[in-house]
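Novice: The following block contains the structure, expressed as structure tokens.
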Amino acid sequence: MAVHDYIKSADFKNEKHVPVIDCADTFKVGEKATIEVAVGKEIAHPNTTEHHINWIKLYFVPEGTQVPYEVGAIEFNVHGESAAGANEGPVFAEAEGSFKVTFKKSGKLIAVSYCNIHGLWESEKDITVA
């Protein structure tokens with residue numbers, strides 16, 4: 001099996017595990033851009049000790065290549081764990097975050113998230129840099 005056999009994709013409006021990439025479609029060369037990513041934007045994903053999102057990674061593939069550059073990763077390390085029991089903890093991380101970047105070329109953003117029960121999920125977004 002190839003790695004793509006293990007990564008799932010779907011429309012985020014119908015599937016709670018898909019990471020959503022939220023940013024403008026077009027940027028100027030060198031312009032500071034904010035890229036927001038989130039899991040559960042339309043349909044809430046559980047955030048419990050038993051079922052949660054561990055991380056989201058963001059990649060950029062420049063136009064004309066097949067080389068992904070890892071922009072960054074966000075880990076979500078707390079899901080209500082505590083000595084008092086599962087989901088009794090004082091803090092829960094939410095599966096969302098943002099990246100500040102600049103681009104020199106157009107290309108594709110790829111977000112990959114990991115659910116501790118349902119595995120890897122991805123989404124893509126084309127961007128234009130002019």
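Chain labels follow the order of the structure tokens: the first chain is A, the next B, and so on; residue numbering restarts at 1 in every chain, and ligands are counted from 1 in their shown order.
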Can you tell me which residues surround Val129 (chain A) at a distance of at most 6 Å, considering only C-alpha atoms, apart from same-chain residues fewer than 3 positions away, and format the answer as a list in words?

Specialist: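 The residues that qualify are Thr26, Phe27, Lys28, Val29, Lys105 and Ser106 of chain A.
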
Novice: Run DSSP on the backbone and grab whatever in chain A lands in strand (DSSP E or B); send it over as number ranges by chain.

Specialist: A: 7-9, 19-22, 26-27, 33-39, 53-62, 69-75, 79, 92, 96-101, 107-115, 119-129

Novice: Find the spatial neighbours of Pro68 (chain A), counting only C-alpha atoms, within a cut-off of 6 Å - ignore same-chain residues fewer than 5 positions away - and output them as a ChimeraX atom specification.

Specialist: /A:59-61

Novice: Next, the residues of the selection above should be written as a CSV table (one decimal), in the first residue's frame with C-alpha atoms.

Specialist:
```csv
chain,number,residue,atom,x,y,z
A,59,TYR,CA,2.8,22.0,3.8
A,60,PHE,CA,3.4,24.2,0.8
A,61,VAL,CA,4.1,22.7,-2.7
```

Novice: Please provide as a list in words all residues within 9 Å of Ser9 (chain A), with the sequence filter that same-chain residues fewer than 6 positions apart are discarded (counting only C-alpha atoms).

Specialist: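 With the cut-off at 9 Å, the set is Glu15, His17, Val18, Leu120, Trp121, Glu122 and Ser123 of chain A.
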
Novice: Output C-alpha atoms for every residue in the selection just made, as a PDB file, in the first residue's frame.

Specialist:
```pdb
ATOM      1  CA  GLU A  15     -16.758  15.321   7.713  1.00  0.00           C
ATOM      2  CA  HIS A  17     -11.941  15.213  10.752  1.00  0.00           C
ATOM      3  CA  VAL A  18     -10.885  17.247   7.706  1.00  0.00           C
ATOM      4  CA  LEU A 120      -4.799  10.896   9.009  1.00  0.00           C
ATOM      5  CA  TRP A 121      -6.942  13.426   7.128  1.00  0.00           C
ATOM      6  CA  GLU A 122      -5.956  16.037   4.547  1.00  0.00           C
ATOM      7  CA  SER A 123      -7.197  18.992   2.556  1.00  0.00           C
TER       8      SER A 123
END
```

Novice: Restricting the calculation to only C-alpha atoms: of A:Glu88, A:Ala44, A:Gly107, A:Tyr114, which residue gets closest to Phe76 (chain A)?

Specialist: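 When distances to Phe76 (chain A) are compared using only C-alpha atoms, the smallest one comes from A:Tyr114.
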
Novice: When distances are computed from only C-alpha atoms, which of A:Ala38, A:Glu124, A:Lys108, A:Glu81 shows the smallest separation from Gln66 (chain A)?

Specialist: A:Lys108

Novice: Tell me, in Å to one decimal, how far CA of Glu94 (chain A) is from CA of Gly80 (chain A).

Specialist: 11.1 Å

Novice: Just give me the gap between CA of Asn14 (chain A) and CA of Asn87 (chain A) in Å, one decimal is fine.

Specialist: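 Interatomic distance, CA of Asn14 (chain A) to CA of Asn87 (chain A): 26.3 Å.
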
Novice: To one decimal place, how far is CA of Ile74 (chain A) from CA of Ile56 (chain A) in Å?

Specialist: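 Rounded to one decimal, the two atoms are 5.4 Å apart.
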